[in-house]
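A.B. asks: Structure file work03.cif (mmCIF, C-alpha atoms and all ligand atoms) is given on the next line.
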```cif
data_run
loop_
_atom_site.label_atom_id
_atom_site.label_comp_id
_atom_site.auth_asym_id
_atom_site.auth_seq_id
_atom_site.Cartn_x
_atom_site.Cartn_y
_atom_site.Cartn_z
CA MET A 192 -11.46 -3.45 7.28
CA SER A 193 -11.57 -4.09 3.54
CA CYS A 194 -8.12 -5.60 3.15
CA GLY A 195 -9.63 -9.05 2.60
CA ALA A 196 -7.35 -10.88 5.06
CA CYS A 197 -10.27 -12.60 6.84
CA ALA A 198 -11.68 -13.84 3.53
CA ALA A 199 -8.21 -14.91 2.36
CA VAL A 200 -7.51 -17.14 5.38
CA CYS A 201 -10.94 -18.58 6.17
CA PRO A 202 -10.33 -22.33 5.72
CA VAL A 203 -13.98 -23.00 4.88
CA ASN A 204 -14.47 -19.99 2.57
CA SER A 205 -17.23 -18.65 4.78
CA ILE A 206 -16.26 -14.97 4.56
CA ALA A 207 -16.87 -12.75 1.55
CA LEU A 208 -16.48 -9.01 1.08
CA GLU A 209 -19.71 -7.27 0.18
CA GLU A 210 -19.22 -3.62 -0.78
CA GLY A 211 -15.85 -3.88 0.95
CA VAL A 212 -17.34 -5.17 4.22
CA PRO A 213 -16.58 -8.73 5.43
CA LYS A 214 -19.74 -10.81 5.74
CA LEU A 215 -20.24 -14.33 7.03
CA VAL A 216 -21.70 -16.21 4.08
CA GLY A 217 -21.35 -19.81 5.35
CA LEU A 218 -20.70 -21.90 8.42
CA CYS A 219 -18.24 -20.47 11.00
CA ILE A 220 -16.06 -23.20 12.52
CA ALA A 221 -14.64 -20.81 15.16
CA CYS A 222 -11.03 -21.49 14.17
CA GLY A 223 -9.95 -17.90 14.93
CA MET A 224 -8.03 -17.45 11.67
CA CYS A 225 -9.96 -14.30 10.66
CA TYR A 226 -9.52 -12.55 14.00
CA ASN A 227 -5.90 -13.55 14.47
CA ASN A 228 -4.86 -12.33 11.02
CA CYS A 229 -6.84 -9.10 11.13
CA PRO A 230 -4.59 -6.02 11.03
CA ARG A 231 -6.95 -4.25 13.44
CA ALA A 232 -6.98 -6.98 16.10
CA GLU A 233 -4.27 -6.41 18.68
CA PHE A 234 -0.98 -8.26 18.25
CA ASP A 235 2.50 -8.23 19.74
CA VAL A 236 4.28 -5.70 17.53
CA GLU A 237 7.71 -6.30 19.08
CA GLU A 238 7.43 -10.03 18.63
CA MET A 239 6.44 -9.60 14.98
CA GLU A 240 9.38 -7.24 14.44
CA ARG A 241 11.73 -9.84 15.90
CA GLN A 242 10.32 -12.48 13.58
CA VAL A 243 10.37 -10.31 10.46
CA PHE A 244 13.40 -8.07 10.97
CA GLY A 245 15.41 -9.99 13.56
CA ARG A 246 15.07 -7.12 16.07
CA ALA A 247 12.55 -4.73 17.56
CA ARG A 248 12.59 -1.12 16.39
CA GLY A 249 14.99 1.25 18.12
CA GLU A 250 14.06 4.51 19.85
CA ASP A 251 14.94 6.51 16.74
CA GLU A 252 12.60 4.30 14.70
CA ALA A 253 9.51 4.85 16.85
CA GLU A 254 7.60 6.56 14.01
CA THR A 255 8.97 4.79 10.95
CA GLY A 256 9.40 1.20 12.11
CA VAL A 257 12.61 -0.78 11.50
CA VAL A 258 14.78 0.89 8.83
CA LYS A 259 17.86 -0.46 7.03
CA ALA A 260 18.30 2.37 4.54
CA VAL A 261 16.37 5.21 2.89
CA TYR A 262 16.57 6.36 -0.72
CA ALA A 263 15.10 8.68 -3.31
CA VAL A 264 14.26 6.69 -6.43
CA ARG A 265 13.09 7.59 -9.92
CA THR A 266 12.31 5.31 -12.84
CA LYS A 267 14.31 5.54 -16.06
CA ASP A 268 11.71 3.55 -17.99
CA ALA A 269 9.45 5.62 -20.26
CA GLY A 270 6.55 3.12 -20.10
CA ILE A 271 6.51 3.15 -16.28
CA LEU A 272 6.99 6.93 -16.15
CA GLU A 273 3.87 7.43 -18.24
CA ARG A 274 1.62 5.50 -15.82
CA CYS A 275 3.19 5.78 -12.37
CA GLN A 276 2.05 7.92 -9.46
CA ASP A 277 5.36 9.42 -8.32
CA GLY A 278 8.83 8.08 -9.14
CA GLY A 279 7.57 4.71 -10.37
CA ALA A 280 9.67 2.84 -7.79
CA VAL A 281 6.90 0.35 -7.00
CA THR A 282 6.19 -0.60 -10.60
CA ALA A 283 9.90 -0.78 -11.43
CA ILE A 284 10.62 -3.08 -8.47
CA LEU A 285 7.68 -5.34 -9.34
CA SER A 286 8.61 -5.43 -13.04
CA GLN A 287 12.14 -6.49 -12.15
CA PHE A 288 10.78 -9.08 -9.72
CA LEU A 289 8.91 -10.71 -12.61
CA ALA A 290 11.92 -10.42 -14.92
CA ASP A 291 14.03 -12.23 -12.31
CA GLY A 292 11.73 -15.23 -12.01
CA GLY A 293 8.93 -13.95 -9.80
CA GLU A 294 5.69 -15.58 -10.90
CA CYS A 295 3.24 -12.77 -10.24
CA ALA A 296 2.66 -9.49 -8.46
CA VAL A 297 -0.62 -8.74 -6.72
CA VAL A 298 -1.46 -5.12 -7.50
CA ALA A 299 -4.53 -2.86 -7.42
CA GLY A 300 -6.07 -2.59 -10.86
CA LEU A 301 -9.39 -1.01 -11.80
CA GLU A 302 -12.65 -2.91 -12.03
CA GLU A 303 -14.19 -2.90 -15.49
CA GLY A 304 -17.41 -0.95 -15.77
CA LYS A 305 -17.11 0.74 -12.34
CA VAL A 306 -15.36 4.10 -12.34
CA TRP A 307 -12.13 4.26 -10.30
CA SER A 308 -13.06 1.16 -8.29
CA PRO A 309 -9.89 -0.75 -7.35
CA GLU A 310 -9.75 -4.52 -7.48
CA PRO A 311 -6.86 -6.90 -6.83
CA VAL A 312 -5.11 -8.14 -9.96
CA VAL A 313 -2.76 -11.11 -10.13
CA ALA A 314 -0.33 -9.60 -12.63
CA VAL A 315 1.83 -12.15 -14.41
CA SER A 316 3.44 -9.89 -17.00
CA ARG A 317 5.27 -6.60 -16.96
CA GLU A 318 2.40 -5.08 -19.01
CA GLU A 319 -0.12 -6.05 -16.33
CA VAL A 320 2.08 -4.63 -13.57
CA VAL A 321 2.45 -1.35 -15.48
CA ALA A 322 -1.31 -1.25 -16.12
CA GLY A 323 -1.85 -1.43 -12.33
CA ALA A 324 0.41 1.57 -11.62
CA GLY A 325 -0.99 4.72 -10.03
CA THR A 326 -2.70 5.42 -6.71
CA LYS A 327 -6.31 4.58 -6.02
CA TYR A 328 -7.38 6.44 -2.88
CA THR A 329 -10.07 3.94 -1.93
CA SER A 330 -9.49 0.57 -0.35
CA CYS A 331 -8.71 -2.58 -2.35
CA PRO A 332 -9.02 -6.14 -0.94
CA ILE A 333 -5.44 -7.00 -1.87
CA LEU A 334 -5.36 -10.06 0.41
CA VAL A 335 -8.16 -11.66 -1.59
CA GLY A 336 -5.85 -11.30 -4.60
CA VAL A 337 -3.01 -12.94 -2.65
CA ALA A 338 -5.21 -15.94 -1.79
CA SER A 339 -6.28 -16.16 -5.41
CA ALA A 340 -2.65 -16.05 -6.65
CA VAL A 341 -1.67 -18.86 -4.27
CA ASN A 342 -4.76 -21.07 -4.19
CA GLU A 343 -6.32 -20.61 -7.63
CA TYR A 344 -3.36 -19.72 -9.85
CA GLU A 345 -1.01 -21.87 -7.72
CA LYS A 346 1.79 -19.30 -7.84
CA GLN A 347 4.76 -19.99 -5.61
CA LYS A 348 6.80 -16.78 -5.94
CA VAL A 349 4.54 -13.82 -5.33
CA ALA A 350 5.13 -10.10 -4.72
CA VAL A 351 2.42 -8.03 -3.07
CA VAL A 352 1.85 -4.28 -2.98
CA GLY A 353 -0.43 -2.68 -0.42
CA THR A 354 -1.23 -0.02 2.13
CA PRO A 355 0.02 -0.29 5.76
CA CYS A 356 -3.06 -2.22 6.95
CA GLN A 357 -2.67 -4.67 4.09
CA MET A 358 1.02 -5.14 4.89
CA ARG A 359 0.17 -5.78 8.55
CA ALA A 360 -2.38 -8.39 7.54
CA LEU A 361 0.09 -9.99 5.15
CA ARG A 362 2.79 -10.22 7.81
CA ARG A 363 0.32 -11.68 10.29
CA ILE A 364 -0.51 -14.31 7.69
CA GLU A 365 3.22 -14.89 7.06
CA THR A 366 4.21 -15.16 10.75
CA GLY A 367 2.80 -16.15 14.09
CA ASP A 368 0.65 -18.95 15.44
CA TYR A 369 -2.19 -18.42 12.98
CA SER A 370 -0.07 -18.05 9.85
CA GLU A 371 -1.25 -19.64 6.65
CA ALA A 372 1.49 -21.96 5.36
CA LYS A 373 0.75 -21.81 1.63
CA ILE A 374 0.67 -18.01 1.58
CA ARG A 375 3.70 -17.73 3.88
CA GLU A 376 5.76 -19.95 1.59
CA ALA A 377 4.68 -18.22 -1.60
CA VAL A 378 5.06 -14.55 -0.68
CA ALA A 379 8.55 -13.44 -1.66
CA LEU A 380 8.29 -9.65 -1.49
CA ASP A 381 6.08 -7.28 0.54
CA VAL A 382 5.99 -3.78 -1.00
CA GLY A 383 4.21 -1.30 1.28
CA LEU A 384 2.88 2.17 0.49
CA PHE A 385 2.88 5.19 2.78
CA CYS A 386 -0.71 6.06 3.66
CA MET A 387 -2.47 8.64 5.85
CA GLU A 388 -5.98 7.44 5.02
CA THR A 389 -8.29 5.96 2.43
CA PHE A 390 -11.71 7.24 1.40
CA GLY A 391 -14.95 5.28 1.24
CA TYR A 392 -15.65 4.49 -2.42
CA SER A 393 -19.29 5.60 -2.54
CA SER A 394 -18.68 8.73 -0.49
CA LEU A 395 -15.76 9.75 -2.72
CA MET A 396 -17.81 9.26 -5.88
CA GLU A 397 -20.73 11.25 -4.43
CA PHE A 398 -18.37 14.00 -3.26
CA LEU A 399 -16.85 14.31 -6.74
CA GLU A 400 -20.28 14.35 -8.36
CA ARG A 401 -21.39 17.15 -6.02
CA ALA A 402 -18.24 19.05 -6.95
CA GLY A 403 -19.07 18.65 -10.65
CA VAL A 404 -16.11 16.36 -11.37
CA ASP A 405 -16.73 13.59 -13.92
CA ALA A 406 -14.63 10.83 -12.32
CA SER A 407 -14.81 8.72 -15.47
CA LYS A 408 -12.72 11.34 -17.26
CA VAL A 409 -10.12 11.71 -14.50
CA THR A 410 -6.78 10.15 -15.46
CA LYS A 411 -5.03 10.62 -12.10
CA PHE A 412 -5.88 11.54 -8.52
CA ASP A 413 -3.15 12.90 -6.29
CA ILE A 414 -2.67 14.15 -2.75
CA LYS A 415 0.08 16.73 -2.41
CA LYS A 416 0.80 19.30 0.30
CA GLY A 417 -2.57 18.92 1.99
CA ARG A 418 -4.62 19.10 -1.22
CA PHE A 419 -6.57 16.52 -3.21
CA ILE A 420 -6.13 17.01 -6.94
CA ALA A 421 -7.82 15.44 -9.98
CA TRP A 422 -6.08 15.45 -13.34
CA GLN A 423 -7.41 14.96 -16.83
CA GLY A 424 -4.23 14.46 -18.82
CA ASP A 425 -2.12 17.57 -18.17
CA GLU A 426 -5.07 19.62 -16.95
CA GLN A 427 -5.98 20.00 -13.26
CA VAL A 428 -9.75 19.66 -13.18
CA TYR A 429 -10.19 19.79 -9.39
CA ASN A 430 -8.11 20.94 -6.46
CA VAL A 431 -9.48 21.01 -2.92
CA LYS A 432 -8.13 21.21 0.62
CA LEU A 433 -7.90 17.71 2.11
CA SER A 434 -9.47 19.06 5.30
CA GLU A 435 -12.71 19.48 3.31
CA MET A 436 -12.78 15.71 2.70
CA LYS A 437 -12.52 14.64 6.33
CA GLU A 438 -15.94 13.00 6.41
CA LEU A 439 -15.01 10.72 3.49
CA VAL A 440 -12.22 9.00 5.44
CA ARG A 441 -13.06 5.41 6.34
CA PRO A 442 -13.62 5.06 10.12
CA CYS A 443 -11.03 2.27 10.46
CA CYS A 444 -8.32 4.65 9.18
CA HIS A 445 -8.83 6.79 12.31
CA GLU A 446 -7.56 3.88 14.40
CA CYS A 447 -4.54 3.09 12.25
CA ASP A 448 -1.21 4.38 13.57
CA ASP A 449 0.96 3.05 10.74
CA PHE A 450 1.88 5.62 8.08
CA ALA A 451 5.04 4.08 6.66
CA SER A 452 3.93 0.45 6.10
CA GLU A 453 6.09 -0.59 9.00
CA PHE A 454 5.99 -4.32 8.28
CA SER A 455 6.91 -4.36 4.60
CA ASP A 456 10.24 -5.35 3.03
CA VAL A 457 10.33 -2.02 1.30
CA SER A 458 7.97 0.97 1.77
CA VAL A 459 7.32 3.63 -0.86
CA GLY A 460 5.70 7.07 -0.77
CA ASN A 461 6.17 10.55 -2.15
CA VAL A 462 6.69 12.56 1.01
CA GLY A 463 10.38 13.22 1.66
CA SER A 464 11.42 13.39 -2.01
CA PRO A 465 11.09 16.03 -4.75
CA ASP A 466 8.16 15.77 -7.20
CA GLY A 467 8.62 12.91 -9.63
CA TRP A 468 10.70 10.87 -7.17
CA SER A 469 9.67 8.15 -4.72
CA THR A 470 10.93 7.87 -1.16
CA VAL A 471 11.92 4.27 -0.54
CA VAL A 472 12.43 2.85 2.97
CA VAL A 473 14.26 -0.46 2.85
CA ARG A 474 13.65 -2.68 5.88
CA THR A 475 14.94 -6.16 4.99
CA GLU A 476 17.63 -7.93 2.95
CA ARG A 477 15.05 -9.02 0.41
CA GLY A 478 13.80 -5.45 0.11
CA GLU A 479 17.33 -4.18 -0.54
CA ALA A 480 17.94 -6.98 -3.08
CA ALA A 481 14.71 -6.14 -4.94
CA LEU A 482 15.64 -2.44 -5.12
CA ARG A 483 19.18 -3.14 -6.29
CA ALA A 484 17.91 -5.63 -8.90
CA ALA A 485 15.68 -2.90 -10.41
CA GLU A 486 18.67 -0.55 -10.42
CA LYS A 487 20.89 -3.16 -12.06
CA GLY A 488 18.13 -3.89 -14.58
CA GLY A 489 18.30 -0.22 -15.64
CA LEU A 490 14.75 0.57 -14.49
CA ILE A 491 15.57 3.08 -11.73
CA GLU A 492 18.13 5.54 -10.46
CA VAL A 493 18.77 5.52 -6.74
CA LYS A 494 20.18 8.23 -4.42
CA PRO A 495 20.56 8.24 -0.64
CA LEU A 496 17.53 10.14 0.75
CA GLY A 497 19.96 12.39 2.64
CA GLU A 498 20.92 13.96 -0.71
CA VAL A 499 17.43 15.34 -1.38
CA LYS A 500 15.09 17.71 0.44
CA PRO A 501 13.04 17.53 2.64
CA GLY A 502 14.21 13.95 3.31
CA LEU A 503 13.39 11.56 6.14
CA LYS A 504 12.27 14.26 8.59
CA ALA A 505 9.14 14.83 6.46
CA VAL A 506 8.29 11.12 6.65
CA VAL A 507 8.82 11.10 10.42
CA LYS A 508 6.60 14.19 10.80
CA LEU A 509 3.63 12.59 9.01
CA ALA A 510 4.17 9.23 10.70
CA ARG A 511 4.18 10.96 14.11
CA LEU A 512 0.99 12.85 13.22
CA LYS A 513 -0.76 9.61 12.23
CA LYS A 514 0.22 7.98 15.53
CA LYS A 515 -1.01 11.02 17.45
CA GLN A 516 -4.33 11.04 15.58
CA ALA A 517 -4.81 7.29 16.13
CA LYS A 518 -4.28 7.75 19.88
CA LYS A 519 -7.03 10.35 19.91
CA GLY A 520 -9.18 8.24 17.53
CA GLU A 521 -9.42 11.20 15.11
C1 LIG A 601 -4.72 5.07 -0.24
C2 LIG A 601 -3.30 5.59 -0.40
C3 LIG A 601 -2.90 6.70 0.34
C4 LIG A 601 -1.59 7.19 0.20
N1 LIG A 601 -1.20 8.25 0.97
C5 LIG A 601 0.07 8.70 0.89
C6 LIG A 601 0.52 9.78 1.72
O1 LIG A 601 -0.23 10.32 2.53
N2 LIG A 601 1.82 10.18 1.60
C7 LIG A 601 2.68 9.58 0.71
O2 LIG A 601 3.85 10.00 0.64
N3 LIG A 601 2.29 8.56 -0.07
C8 LIG A 601 1.01 8.11 -0.02
N4 LIG A 601 0.61 7.07 -0.80
C9 LIG A 601 1.58 6.44 -1.71
C10 LIG A 601 1.70 7.18 -3.05
O3 LIG A 601 0.43 7.61 -3.49
C11 LIG A 601 2.32 6.27 -4.13
O4 LIG A 601 1.58 5.07 -4.21
C12 LIG A 601 3.75 5.94 -3.80
O5 LIG A 601 4.50 7.12 -3.73
C13 LIG A 601 4.36 5.01 -4.87
O6 LIG A 601 4.55 5.75 -6.05
P1 LIG A 601 5.17 5.03 -7.31
O7 LIG A 601 5.21 6.01 -8.46
O8 LIG A 601 6.42 4.35 -6.91
O9 LIG A 601 4.05 3.91 -7.54
P2 LIG A 601 3.50 3.25 -8.88
O10 LIG A 601 4.65 2.76 -9.67
O11 LIG A 601 2.51 4.14 -9.52
O12 LIG A 601 2.76 1.98 -8.25
C14 LIG A 601 1.75 2.12 -7.28
C15 LIG A 601 1.34 0.75 -6.84
O13 LIG A 601 0.40 0.85 -5.78
C16 LIG A 601 -0.71 -0.01 -6.05
N5 LIG A 601 -1.90 0.63 -5.47
C17 LIG A 601 -2.52 1.74 -5.86
N6 LIG A 601 -3.59 1.99 -5.10
C18 LIG A 601 -3.67 1.00 -4.21
C19 LIG A 601 -4.57 0.68 -3.15
N7 LIG A 601 -5.63 1.44 -2.87
N8 LIG A 601 -4.33 -0.43 -2.40
C20 LIG A 601 -3.26 -1.23 -2.68
N9 LIG A 601 -2.37 -0.98 -3.67
C21 LIG A 601 -2.57 0.12 -4.42
C22 LIG A 601 -0.78 -0.05 -7.56
O14 LIG A 601 -1.47 -1.19 -8.01
C23 LIG A 601 0.68 -0.06 -7.96
O15 LIG A 601 1.22 -1.35 -7.97
C24 LIG A 601 -0.69 6.56 -0.70
C25 LIG A 601 -1.11 5.46 -1.44
C26 LIG A 601 -2.40 4.97 -1.29
C27 LIG A 601 -2.84 3.75 -2.09
#
```
In structure tokens, how does this file's structure come out?
C.D. replies:
Amino acid sequence: MSCGACAAVCPVNSIALEEGVPKLVGLCIACGMCYNNCPRAEFDVEEMERQVFGRARGEDEAETGVVKAVYAVRTKDAGILERCQDGGAVTAILSQFLADGGECAVVAGLEEGKVWSPEPVVAVSREEVVAGAGTKYTSCPILVGVASAVNEYEKQKVAVVGTPCQMRALRRIETGDYSEAKIREAVALDVGLFCMETFGYSSLMEFLERAGVDASKVTKFDIKKGRFIAWQGDEQVYNVKLSEMKELVRPCCHECDDFASEFSDVSVGNVGSPDGWSTVVVRTERGEAALRAAEKGGLIEVKPLGEVKPGLKAVVKLARLKKKQAKKGE
């Protein structure tokens, strides 16, 4: 995994990510923190659901995880609209979190001097949160950013955005026998993203080069309706079937059965809503409060997902497919 959870919780700082891969760089004291907070190591899902949501998922939530409510959301803020991936729900929620006294949001920014390479950013201002908007389809060690926010910047009210594996790691760190107290106490909002897969960074860059795409000029990558698209401003400079990129998918994604970020407070994706809107799955009280705060702050408009097409059934369909693929190890 490249989520960074093992590095974030190692009490003797003996794990570092090299090219996204965790490496032992010092003495191992065999405390078990890395293994027991790893999103890929087995854990008791039902028990975690009870701890986080107060109940295990019902039969009708088998694919999505515990759901309180589902919405279609679109930002009303021109600055967010300009930078966001879909409806800007994530950036709006995080911006409002900071406006309401949150101390920082850990987001995926871009590393300077390395094209489209995501790195965790401890964003303390609305400008920094907006700068981190947009989807990076390669993995980012978000949990390293969380540890940095808490241990180095000493932040005590932190929001975190991440993919399903990162949300799983974060919840493991927040709950259970091997939780990390400082992080648990500081994290105030877990914002998950829907995710089918991530690509390996080097293989994606090589693939684009072979296809004649200058990634340094691409302003946005997008996955829509089974196609991977690269944009340069308003111009589509590349459009390919996702099935042609199968070999770029990171092996660990084949084992992941979580599409909808099942352990977040609020999960966001594009499937289920019309273009330009985000689908938002609210799972907890604090997720609902964060969404409503952004609405009250004038940053978003919110509709029940049932009022738009294709709605929740499209989310369930993809989530079911991911579970099926994970079972087969595809
Ligand atoms: C790897 C990946 C795969 C995805 N696959 C799907 C999919 O199959 N179906 C679907 O409906 N949605 C998918 N999404 C989610 C979708 O691309 C949008 O992120 C989501 O709809 C939110 O849109 P928004 O306009 O509200 O977000 P924005 O307001 O643009 O904010 C996006 C937030 O996500 C953070 N972010 C971006 N990339 C990463 C990353 N690699 N790791 C951690 N955080 C990151 C940004 O820093 C920012 O805070 C995927 C996202 C990622 C990162």
A.B. asks: Which residue out of A:Ala324, A:Val264, A:Leu439, A:Val312 has the minimum interatomic distance to ligand LIG 601 (chain A) when only C-alpha atoms and all ligand atoms are used?
C.D. replies: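 Among the listed residues, A:Ala324 lies closest to ligand LIG 601 (chain A).
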A.B. asks: Smallest atom-to-atom distance to ligand LIG 601 (chain A): which of A:Gly293, A:Gly336, A:Gly249, A:Pro202, using only C-alpha atoms and all ligand atoms?
C.D. replies: A:Gly336
A.B. asks: Determine, counting all atoms listed in the file, which protein, DNA and RNA residues have an atom within 9 Å of an atom of segment 231-239 of chain A; residues of the same chain fewer than 5 positions away are not included. Present the result as a ChimeraX atom specification.
C.D. replies: /A:192,226,244,246-248,356,359-360,362-363,366-367,443,446-447,454
A.B. asks: Report, in Å to a single decimal, how far apart atom C6 of ligand LIG 601 (chain A) and atom CA of Lys513 of chain A are.
C.D. replies: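 Computing it gives 10.6 Å between the two atoms.
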A.B. asks: Around ligand LIG 601 (chain A), which protein and nucleic acid residues have at least one atom no more than 7 Å from it, if we count only C-alpha atoms and all ligand atoms? List them as JSON, numbers by chain.
C.D. replies: {"A": [271, 274, 275, 276, 277, 278, 279, 280, 281, 282, 283, 298, 299, 300, 309, 320, 323, 324, 325, 326, 327, 328, 329, 330, 331, 333, 352, 353, 354, 384, 385, 386, 387, 388, 389, 413, 414, 459, 460, 461, 462, 469, 470]}
A.B. asks: At what distance in Å, to one decimal, does atom CA of Met224 of chain A lie from atom CA of Asp368 of chain A?
C.D. replies: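 Separation of atom CA of Asp368 of chain A and atom CA of Met224 of chain A: 9.6 Å.
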A.B. asks: Would you please work out which residue, of A:Lys518, A:Arg477, A:Lys267, A:Lys348, is nearest to Val382 of chain A when using all atoms listed in the file?
C.D. replies: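 Nearest candidate to Val382 of chain A out of A:Lys518, A:Arg477, A:Lys267, A:Lys348: A:Arg477.
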A.B. asks: Just to confirm, what's the straight-line distance from atom CA of Trp307 of chain A to atom CA of Tyr392 of chain A in Å (one decimal)?
C.D. replies: 8.6 Å
A.B. asks: Calculated over only C-alpha atoms, which of the candidates A:Glu250, A:Asp268, A:Glu310, A:Glu397 has the smallest distance to Cys194 of chain A?
C.D. replies: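 Going through A:Glu250, A:Asp268, A:Glu310, A:Glu397 one by one, the smallest distance to Cys194 of chain A is for A:Glu310.
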A.B. asks: Smallest atom-to-atom distance to Val472 of chain A: which of A:Val507, A:Met436, A:Val258, A:Ala340, using all atoms listed in the file?
C.D. replies: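 Among the listed residues, A:Val258 lies closest to Val472 of chain A.
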A.B. asks: From the set A:Ser394, A:Ser370, A:Asn430, A:Ser308, which residue has the shortest atom-to-atom contact distance to Val200 of chain A, counting all atoms listed in the file?
C.D. replies: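 Using all atoms listed in the file, Val200 of chain A sits closest to A:Ser370.
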A.B. asks: If you count all atoms listed in the file, which residues fall within 7 Å of Val473 of chain A, apart from same-chain ones fewer than 2 positions away, as a PyMOL selection string?
C.D. replies: chain A and resi 258-261+456-458+471+475+478-479
A.B. asks: Using all atoms listed in the file, find each residue of segment 351-445 of chain A with at least one atom at most 12 Å away from an atom of segment 481-493 of chain A; report its shortest atom-to-atom pair and that distance in Å (one decimal), sort the rows by chain and rising residue number, and return the result as CSV.
C.D. replies:
```
residue,atom,partner,partner_atom,distance
A:Ala379,CA,A:Ala481,CA,10.1
A:Leu380,CA,A:Ala481,CA,8.1
A:Asp381,CA,A:Ala481,CA,10.3
A:Val382,CA,A:Ala481,CA,9.9
```
A.B. asks: Keeping only C-alpha atoms, write the selected residues to a file as a JSON list (two decimals), keeping the file's coordinate frame.
C.D. replies:
```json
[["chain", "number", "residue", "atom", "x", "y", "z"],
["A", 379, "ALA", "CA", 8.55, -13.44, -1.66],
["A", 380, "LEU", "CA", 8.29, -9.65, -1.49],
["A", 381, "ASP", "CA", 6.08, -7.28, 0.54],
["A", 382, "VAL", "CA", 5.99, -3.78, -1.00]]
```
A.B. asks: Around segment 411-422 of chain A, fit a box with edges along x, y and z, padding it by 3 Å on each side, then list its centre and edge lengths in Å to one decimal as JSON.
C.D. replies:
```
{"center_x": -3.5, "center_y": 15.0, "center_z": -5.7, "size_x": 14.6, "size_y": 14.7, "size_z": 21.3}
```
A.B. asks: Determine, counting all atoms listed in the file, which protein, DNA and RNA residues have an atom within 12 Å of an atom of Leu512 of chain A; residues of the same chain fewer than 6 positions away are not included. Present the result as a list in words.
C.D. replies: Glu254, Thr255, Cys386, Met387, His445, Cys447, Asp448, Asp449, Phe450, Ala451, Ala505, Val506, Lys518, Lys519, Gly520 and Glu521 of chain A
A.B. asks: Report as a PyMOL selection string all protein, DNA and RNA residues lying within 8 Å of segment 495-498 of chain A, evaluated on all atoms listed in the file, omitting residues in the same chain fewer than 4 positions from it.
C.D. replies: chain A and resi 261-263+463-464+470+502-503
A.B. asks: Using all atoms listed in the file, find all polymer residues with an atom at most 9 Å away from the point (-9.2, 17.8, -4.3); report them as a ChimeraX atom specification.
C.D. replies: /A:399,412-414,418-421,429-433,435-436
A.B. asks: Could you model N, CA and C atoms for segment 254-267 of chain A and present them as a PDB file, in the frame of the given file?
C.D. replies:
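Generated file (result00.pdb):
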```
ATOM      1  N   GLU A 254       8.649   6.146  14.963  1.00  0.00           N
ATOM      2  CA  GLU A 254       7.600   6.560  14.010  1.00  0.00           C
ATOM      3  C   GLU A 254       7.635   5.778  12.704  1.00  0.00           C
ATOM      4  N   THR A 255       8.826   5.385  12.296  1.00  0.00           N
ATOM      5  CA  THR A 255       8.970   4.790  10.950  1.00  0.00           C
ATOM      6  C   THR A 255       8.922   3.271  10.949  1.00  0.00           C
ATOM      7  N   GLY A 256       9.176   2.637  12.094  1.00  0.00           N
ATOM      8  CA  GLY A 256       9.400   1.200  12.110  1.00  0.00           C
ATOM      9  C   GLY A 256      10.853   0.909  11.744  1.00  0.00           C
ATOM     10  N   VAL A 257      11.211  -0.371  11.729  1.00  0.00           N
ATOM     11  CA  VAL A 257      12.610  -0.780  11.500  1.00  0.00           C
ATOM     12  C   VAL A 257      13.096  -0.318  10.110  1.00  0.00           C
ATOM     13  N   VAL A 258      14.243   0.354  10.087  1.00  0.00           N
ATOM     14  CA  VAL A 258      14.780   0.890   8.830  1.00  0.00           C
ATOM     15  C   VAL A 258      16.204   0.386   8.614  1.00  0.00           C
ATOM     16  N   LYS A 259      16.484  -0.088   7.403  1.00  0.00           N
ATOM     17  CA  LYS A 259      17.860  -0.460   7.030  1.00  0.00           C
ATOM     18  C   LYS A 259      18.523   0.683   6.271  1.00  0.00           C
ATOM     19  N   ALA A 260      17.759   1.281   5.354  1.00  0.00           N
ATOM     20  CA  ALA A 260      18.300   2.370   4.540  1.00  0.00           C
ATOM     21  C   ALA A 260      17.149   3.141   3.894  1.00  0.00           C
ATOM     22  N   VAL A 261      17.415   4.399   3.547  1.00  0.00           N
ATOM     23  CA  VAL A 261      16.370   5.210   2.890  1.00  0.00           C
ATOM     24  C   VAL A 261      16.930   5.855   1.620  1.00  0.00           C
ATOM     25  N   TYR A 262      16.100   5.871   0.575  1.00  0.00           N
ATOM     26  CA  TYR A 262      16.570   6.360  -0.720  1.00  0.00           C
ATOM     27  C   TYR A 262      15.522   7.230  -1.390  1.00  0.00           C
ATOM     28  N   ALA A 263      15.988   8.025  -2.341  1.00  0.00           N
ATOM     29  CA  ALA A 263      15.100   8.680  -3.310  1.00  0.00           C
ATOM     30  C   ALA A 263      15.298   7.925  -4.622  1.00  0.00           C
ATOM     31  N   VAL A 264      14.189   7.578  -5.257  1.00  0.00           N
ATOM     32  CA  VAL A 264      14.260   6.690  -6.430  1.00  0.00           C
ATOM     33  C   VAL A 264      13.384   7.255  -7.543  1.00  0.00           C
ATOM     34  N   ARG A 265      13.895   7.145  -8.774  1.00  0.00           N
ATOM     35  CA  ARG A 265      13.090   7.590  -9.920  1.00  0.00           C
ATOM     36  C   ARG A 265      13.276   6.591 -11.064  1.00  0.00           C
ATOM     37  N   THR A 266      12.187   6.286 -11.750  1.00  0.00           N
ATOM     38  CA  THR A 266      12.310   5.310 -12.840  1.00  0.00           C
ATOM     39  C   THR A 266      12.989   5.948 -14.056  1.00  0.00           C
ATOM     40  N   LYS A 267      13.682   5.081 -14.811  1.00  0.00           N
ATOM     41  CA  LYS A 267      14.310   5.540 -16.060  1.00  0.00           C
ATOM     42  C   LYS A 267      13.545   4.967 -17.250  1.00  0.00           C
TER      43      LYS A 267
END
```
